[in-house]
Amino acid sequence: MHLTNKAILEKANAAITNGDNEGFLAYCTDDTEWVFVGDRTLRGKEAVRQYMSEVYTVPPVFHVDHLIAEGEFVTAVGNISLKDNNGKTVHYAYCDVWRFRDGKMAELKAFVVETGS
């Protein structure tokens, strides 16, 4: 069964929400690149795996307001809540622009702004 890029992103995000980081990574290319605008860039699946192990110690909670797909791109706009190192929940607004290649997530450009806790 062929999944659309939008459906792939929905399945990948469901894996993260369920604490299944490896399930999420299965949807990424080995050379995936994540750019957090104004913060950092992660290059390769191993760098993303390390990031997820540090930041997603407790699975994040997503609320997607809009999921827009065109061609090889899918844009997700919404809110995400994460636990910080002290166990305090921090809320963010985000806009993720994903580029897909051969049915996998190859690039992410993420705009993330803290909205409070």
# chains A, B, ... in the order shown; residues from 1 in each chain; ligands from 1

call {"tool": "select_by_dssp", "arguments": {"residues": "chain A", "states": "strand (DSSP E or B)", "output": "ChimeraX atom specification"}}
result
/A:28-36,40-43,61-70,73-83,89-101,104-116

call {"tool": "residues_around", "arguments": {"residues": "A:Phe100", "least_positions_apart": "4", "cutoff": "9 Å", "atoms": "only C-alpha atoms", "output": "VMD selection string"}}
result
chain A and resid 5 28 to 29 71 to 74 104 to 107

call {"tool": "write_last_selection", "arguments": {"atoms": "all heavy atoms", "output": "tab-separated table (two decimals), in the first residue's frame"}}
result
chain	number	residue	atom	x	y	z
A	5	ASN	N	2.61	11.34	1.43
A	5	ASN	CA	3.57	11.96	2.35
A	5	ASN	C	2.87	12.45	3.62
A	5	ASN	O	3.41	12.33	4.72
A	5	ASN	CB	4.29	13.11	1.65
A	5	ASN	CG	5.22	12.62	0.56
A	5	ASN	OD1	5.62	11.46	0.54
A	5	ASN	ND2	5.54	13.49	-0.37
A	28	CYS	N	12.38	8.11	8.30
A	28	CYS	CA	13.39	9.10	7.91
A	28	CYS	C	14.45	8.47	7.01
A	28	CYS	O	14.78	7.29	7.17
A	28	CYS	CB	14.09	9.67	9.15
A	28	CYS	SG	13.03	10.63	10.24
A	29	THR	N	15.00	9.27	6.11
A	29	THR	CA	16.14	8.81	5.32
A	29	THR	C	17.36	8.74	6.24
A	29	THR	O	17.41	9.41	7.27
A	29	THR	CB	16.44	9.76	4.15
A	29	THR	OG1	16.78	11.05	4.67
A	29	THR	CG2	15.26	9.87	3.19
A	71	GLY	N	3.22	18.39	-3.50
A	71	GLY	CA	4.41	17.80	-4.08
A	71	GLY	C	5.20	17.02	-3.04
A	71	GLY	O	4.64	16.19	-2.33
A	72	GLU	N	6.50	17.30	-2.96
A	72	GLU	CA	7.36	16.57	-2.01
A	72	GLU	C	7.38	17.21	-0.62
A	72	GLU	O	8.15	16.77	0.24
A	72	GLU	CB	8.78	16.48	-2.58
A	72	GLU	CG	9.46	17.80	-2.75
A	72	GLU	CD	10.81	17.70	-3.44
A	72	GLU	OE1	11.13	16.65	-4.01
A	72	GLU	OE2	11.55	18.69	-3.42
A	73	PHE	N	6.54	18.22	-0.39
A	73	PHE	CA	6.55	18.93	0.89
A	73	PHE	C	5.26	18.71	1.68
A	73	PHE	O	4.18	18.64	1.11
A	73	PHE	CB	6.73	20.43	0.67
A	73	PHE	CG	8.09	20.79	0.15
A	73	PHE	CD1	8.32	20.91	-1.21
A	73	PHE	CD2	9.15	20.98	1.02
A	73	PHE	CE1	9.57	21.22	-1.70
A	73	PHE	CE2	10.41	21.29	0.54
A	73	PHE	CZ	10.62	21.41	-0.82
A	74	VAL	N	5.43	18.62	3.00
A	74	VAL	CA	4.30	18.63	3.93
A	74	VAL	C	4.63	19.63	5.03
A	74	VAL	O	5.73	19.59	5.60
A	74	VAL	CB	4.04	17.23	4.55
A	74	VAL	CG1	2.90	17.30	5.57
A	74	VAL	CG2	3.73	16.20	3.48
A	104	LYS	N	10.16	8.90	2.21
A	104	LYS	CA	10.71	9.08	3.56
A	104	LYS	C	11.00	10.56	3.81
A	104	LYS	O	11.17	11.34	2.87
A	104	LYS	CB	11.99	8.26	3.74
A	104	LYS	CG	11.73	6.78	3.74
A	104	LYS	CD	12.88	6.02	4.32
A	104	LYS	CE	12.49	4.56	4.49
A	104	LYS	NZ	13.44	3.86	5.32
A	105	MET	N	11.07	10.91	5.07
A	105	MET	CA	11.34	12.30	5.47
A	105	MET	C	12.83	12.57	5.36
A	105	MET	O	13.63	11.98	6.09
A	105	MET	CB	10.81	12.54	6.88
A	105	MET	CG	9.31	12.35	6.95
A	105	MET	SD	8.61	12.60	8.59
A	105	MET	CE	9.30	11.23	9.49
A	106	ALA	N	13.19	13.46	4.42
A	106	ALA	CA	14.60	13.73	4.13
A	106	ALA	C	15.08	15.02	4.77
A	106	ALA	O	16.25	15.11	5.16
A	106	ALA	CB	14.82	13.79	2.63
A	107	GLU	N	14.21	16.02	4.88
A	107	GLU	CA	14.62	17.31	5.45
A	107	GLU	C	13.49	17.90	6.27
A	107	GLU	O	12.32	17.77	5.91
A	107	GLU	CB	14.96	18.31	4.34
A	107	GLU	CG	16.18	17.96	3.54
A	107	GLU	CD	16.41	18.94	2.40
A	107	GLU	OE1	15.76	20.00	2.35
A	107	GLU	OE2	17.26	18.63	1.54

call {"tool": "select_by_dssp", "arguments": {"residues": "chain A", "states": "alpha helix (DSSP H)", "output": "list in words"}}
result
Asn5, Lys6, Ala7, Ile8, Leu9, Glu10, Lys11, Ala12, Asn13, Ala14, Ala15, Ile16, Thr17, Asn21, Glu22, Gly23, Phe24, Leu25, Lys45, Glu46, Ala47, Val48, Arg49, Gln50, Tyr51, Met52, Ser53, Glu54 and Val55 of chain A

call {"tool": "atom_distance", "arguments": {"atom1": "atom CA of A:Tyr27", "atom2": "atom CA of A:Lys88"}}
result
29.3 Å

call {"tool": "closest_residue", "arguments": {"among": "A:Val48, A:Ala7, A:Ile68, A:Val55", "to": "A:Leu108", "atoms": "only C-alpha atoms"}}
result
A:Val48

call {"tool": "closest_residue", "arguments": {"among": "A:Val58, A:Leu9, A:Ile16, A:Ala26", "to": "A:Gly87", "atoms": "only C-alpha atoms"}}
result
A:Val58

call {"tool": "closest_residue", "arguments": {"among": "A:Glu70, A:Asp31, A:Glu114, A:Asp84", "to": "A:Trp98", "atoms": "only C-alpha atoms"}}
result
A:Glu70

call {"tool": "closest_residue", "arguments": {"among": "A:Arg49, A:Lys6, A:His66, A:Arg43", "to": "A:Glu22", "atoms": "only C-alpha atoms"}}
result
A:Arg49

call {"tool": "closest_residue", "arguments": {"among": "A:Met52, A:Ala15, A:Ile80, A:Ile8", "to": "A:Arg99", "atoms": "only C-alpha atoms"}}
result
A:Ile8

call {"tool": "closest_residue", "arguments": {"among": "A:Glu54, A:Asp30, A:Asp20, A:Asp96", "to": "A:Lys109", "atoms": "only C-alpha atoms"}}
result
A:Asp96
